[in-house]
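Data block below; observations after.
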Amino acid sequence: MKKAVIRRAAAAVMILALTLALSVAAYASDGEYRTLDEIKDSGVINIGVFSDKSPFGYVDENGDYQGYDVYFANRIGEDLGVEVNFVSTEAASRIEYLQTGKVDIILANFTVTEERAEEVDFALPYMNVSLGVVSPEDAVIESLDDVGEDDQVIVISGTTAETYLTKNEPDIKLQKYDAYAEAKTALENGNGVAWANDNTEVMAFAIENPGFVVGIPTLGSADTIAPAVTKGNDTLLDWLNEEIKSLGEEEFFHADYEATLLDTYGADYEETLVVEGGLVAGAGETADAPVETAKAGG
Amino acid sequence: MRSLGLDVLFKGKNFLRLLGGLWVAVRISLISVVISIALGLVMGMLMTGKNRVLKAVFRVYLEIVRIMPQMVLLFVVYFGTTRVFGWDLSPEASAIAVFSFWGTAEMGDLVRGALIGIPRIQYESAEALGMTTAQVYLQVILPQAVRRLIPLSINLITRMIKTTSLVMMIGMVEVLKVAQQIIEANRKASPNAAFGLFAVVLLMYFAICWPISRLASYLEKRWA
């Protein structure tokens, strides 16, 4: 009896201490970061990228990092005159890496959101993301109005596409699947008139599967992908923004697309996906915005 | 028969990369296992002792290890220590710390169980012969306890080896992560590579865990 009481008391004290330690961990000083000069002096910049998200950040058979994000990261290293140390990050740990200063920049297909912007500082964007809809080429869905009353649209449960359609198009009937492979089979079998998913996913699907076309390449809120730095690291943030602007003049991200994404998404979506010079088409058009340029290849 | 994507395995340095990843997993788990066994033996002996405060502390420690997912511990050690103390632990040091923290607790409990299982008469007889406490443990109790411990600790060790895949969360590239990288990099060229590669990873884990389990049953028989 007495023993049990002591044990409980000790457990309570330990749990209290642990909670305290964890909450201190959560609120303790952020802002552990290296300024631009410190990075230059050290000769190495640590950049967090994905190592298994082809074609944005992946590792090739020789063990070298490749992809759209990595192509940009290498250019950053070159222009800063430092070596790039790639750190393999997971989606769930990207913010932690920045907040503890364990990487200087995250270039891991990081979508800009309001919640994230409270935790980290985003630089200018370099890519667009939104939803897209793919359908068979003999019955193309070019707008959500084309979806008939009895037609069903295929979505994967838990994706942004499901959330968006449920919220904004409550009249459209959805056919939900848990896995990518199931949704793919359902579309091929004609169980639904179209499939809504991230636009990069449906574009890649249409390229890999002849007979299907992306009738709606962008749908819903247009989001952007941008580099992120530790909150408050203004020297690095300013440098990145200047870098992205000046890279716009040489159409760097178009070259990046052609080197890394062309195989997966084809030339048709280059203008849809690429953001050049940090200027998102449609949002505040500027005269010198190099947005509409020759459509590469056709 | 459809291709299992095994051609991907021998593309470029892929196979060497997988072996390198396996070495990372084995290195972390072996170092942690050695630390866990050493500290676990001491902890187990203290847990069967008479000091109530010490026993309570160990009890709470064990509960914490059981309640906290290893991934949370990895985050707390790798990122948390940087935030709170400004330490910049390497991913490997953090991983070894977490796996040893976990292993010591579980090992300690196993040792405690094994020691309790030894009949009191063994302790009493040894003491009656005039042995010191150290002699009682080293010459009479531990040799018997270790034999009971072997099957249980093998279970713990192989579990630790398999759990090392979590270190990918703190940026370490171990065998499973390398496999994922290879699968993704070849998603278009060999869409079936996933099956073949995961089968290879399975064989690699087996090749590590099976000898350990064989060694254990050999020792069990030999010391019986």
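As shown in the structure tokens, the chain order sets the letters A, B, ...; within each chain, residues go from 1, and ligands are also counted from 1 in the order they appear.
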
Expected answer as a short mmCIF file (atom, residue, chain, number, x, y, z; two decimals) with C-alpha atoms, in the first residue's frame: strand (DSSP E or B) residues in segment 128-174 of chain A:
```cif
data_model
loop_
_atom_site.label_atom_id
_atom_site.label_comp_id
_atom_site.auth_asym_id
_atom_site.auth_seq_id
_atom_site.Cartn_x
_atom_site.Cartn_y
_atom_site.Cartn_z
CA ASN A 128 3.08 26.63 -58.79
CA VAL A 129 0.96 23.86 -57.39
CA SER A 130 -2.76 23.40 -57.50
CA LEU A 131 -5.31 20.71 -58.26
CA GLY A 132 -5.95 19.22 -61.68
CA VAL A 133 -8.52 16.96 -63.31
CA VAL A 134 -7.73 14.18 -65.80
CA SER A 135 -10.34 12.48 -67.99
CA PRO A 136 -10.53 10.16 -71.04
CA GLN A 152 -19.00 10.66 -60.43
CA VAL A 153 -15.56 12.16 -59.96
CA ILE A 154 -12.79 9.94 -58.61
CA VAL A 155 -10.69 11.20 -55.70
CA ILE A 156 -8.25 9.65 -53.26
CA LYS A 173 -20.73 13.12 -56.53
CA LEU A 174 -17.38 11.75 -55.43
#
```

query = Can you tell me, as a list in words, what residues are no more than 12 Å from Val140 of chain B when counting only C-alpha atoms, ignoring any on the same chain fewer than 2 positions away?
reply = Leu115, Ile118, Pro119, Arg120, Ile121, Gln122, Tyr123, Glu124, Ser125, Ala126, Glu127, Leu129, Met131, Thr132, Thr133, Ala134, Gln135, Val136, Tyr137, Leu138, Leu142, Pro143, Gln144, Ala145 and Val146 of chain B

inquiry  = Restricting the calculation to only C-alpha atoms: of A:Leu247, A:Val274, A:Ala92, A:Val280, which residue gets closest to chain B?
reply    = A:Ala92

Within 9 Å of chain A, which residues of chain B show up? Give each one with its shortest atom-to-atom distance in Å (one decimal) and the two atoms involved, counting only C-alpha atoms, rows by chain then rising residue number, as a tab-separated table.
```
residue	atom	partner	partner_atom	distance
B:Val8	CA	A:Glu61	CA	8.5
B:Phe10	CA	A:Glu61	CA	8.9
B:Lys11	CA	A:Glu61	CA	6.2
B:Gly12	CA	A:Glu61	CA	4.9
B:Lys13	CA	A:Asn62	CA	5.2
B:Asn14	CA	A:Glu61	CA	5.3
B:Arg17	CA	A:Gly63	CA	7.2
B:Arg52	CA	A:Lys3	CA	8.2
B:Val53	CA	A:Ala10	CA	8.5
B:Lys55	CA	A:Arg7	CA	8.7
B:Ala56	CA	A:Arg7	CA	5.5
B:Val57	CA	A:Ala10	CA	7.0
B:Arg59	CA	A:Arg7	CA	8.0
B:Val60	CA	A:Ala11	CA	5.4
B:Tyr61	CA	A:Met14	CA	8.4
B:Glu63	CA	A:Ala11	CA	8.7
B:Ile64	CA	A:Ile15	CA	8.3
B:Phe75	CA	A:Ser93	CA	8.8
B:Val76	CA	A:Leu22	CA	7.8
B:Phe79	CA	A:Thr100	CA	6.4
B:Gly80	CA	A:Ala25	CA	5.5
B:Thr81	CA	A:Ala25	CA	7.7
B:Thr82	CA	A:Thr100	CA	6.2
B:Arg83	CA	A:Ala28	CA	5.9
B:Val84	CA	A:Ala25	CA	5.4
B:Gly86	CA	A:Glu32	CA	8.3
B:Asp88	CA	A:Lys102	CA	8.1
B:Met168	CA	A:Glu90	CA	7.8
B:Met169	CA	A:Glu90	CA	6.2
B:Ile170	CA	A:Thr89	CA	7.3
B:Gly171	CA	A:Ser88	CA	5.0
B:Met172	CA	A:Ser88	CA	7.3
B:Val173	CA	A:Ser88	CA	7.4
B:Lys177	CA	A:Asp52	CA	8.1
B:Val178	CA	A:Asp52	CA	8.6
B:Gln180	CA	A:Asp52	CA	6.2
B:Gln181	CA	A:Asp52	CA	4.5
B:Ile182	CA	A:Glu61	CA	7.1
B:Ile183	CA	A:Asp52	CA	8.0
B:Glu184	CA	A:Asp52	CA	5.5
B:Ala185	CA	A:Ser54	CA	5.7
B:Asn186	CA	A:Ser54	CA	8.4
B:Arg187	CA	A:Ser54	CA	7.8
B:Lys188	CA	A:Thr264	CA	8.4
```

ask   = Residues at most 9 Å from Ala93 of chain B, counting only C-alpha atoms, excluding those fewer than 5 positions away in the same chain, as JSON, numbers by chain?
value = {"B": [28, 78, 98]}

task = Name the residues in contact with Ser29 of chain B at a cut-off of 12 Å, using only C-alpha atoms, excluding same-chain residues fewer than 3 positions from it; report them as an MDAnalysis selection string.
result = chainID B and resid 22:26 32:37 92:93 95:100 102:103 156:167 174 208:209

query = So which bits of segment 52-223 of chain A end up alpha helix (DSSP H) when you DSSP the backbone, as a VMD selection string?
reply = chain A and resid 68 to 80 94 to 99 114 to 119 160 to 168 180 to 188 199 to 208

inquiry  = Between atom CA of Ala226 of chain A and atom CA of Leu124 of chain A, what distance in Å does the model show, to one decimal?
reply    =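 Spanning atom CA of Ala226 of chain A to atom CA of Leu124 of chain A is a straight-line distance of 5.9 Å.
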
query = Any idea what the distance is between atom CA of Val103 of chain A and atom CA of Ala123 of chain A?
reply =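 Rounded to one decimal, the two atoms are 15.3 Å apart.
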
Straight-line distance linking atom CA of Thr163 of chain A with atom CA of Tyr269 of chain A, stated in Å to one decimal = 24.2 Å

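Of the residues listed (B:Gly108, B:Gly44, B:Pro91, B:Gly49), B:Gly108 shows the shortest atom-to-atom separation from Val65 of chain B; distances use only C-alpha atoms.
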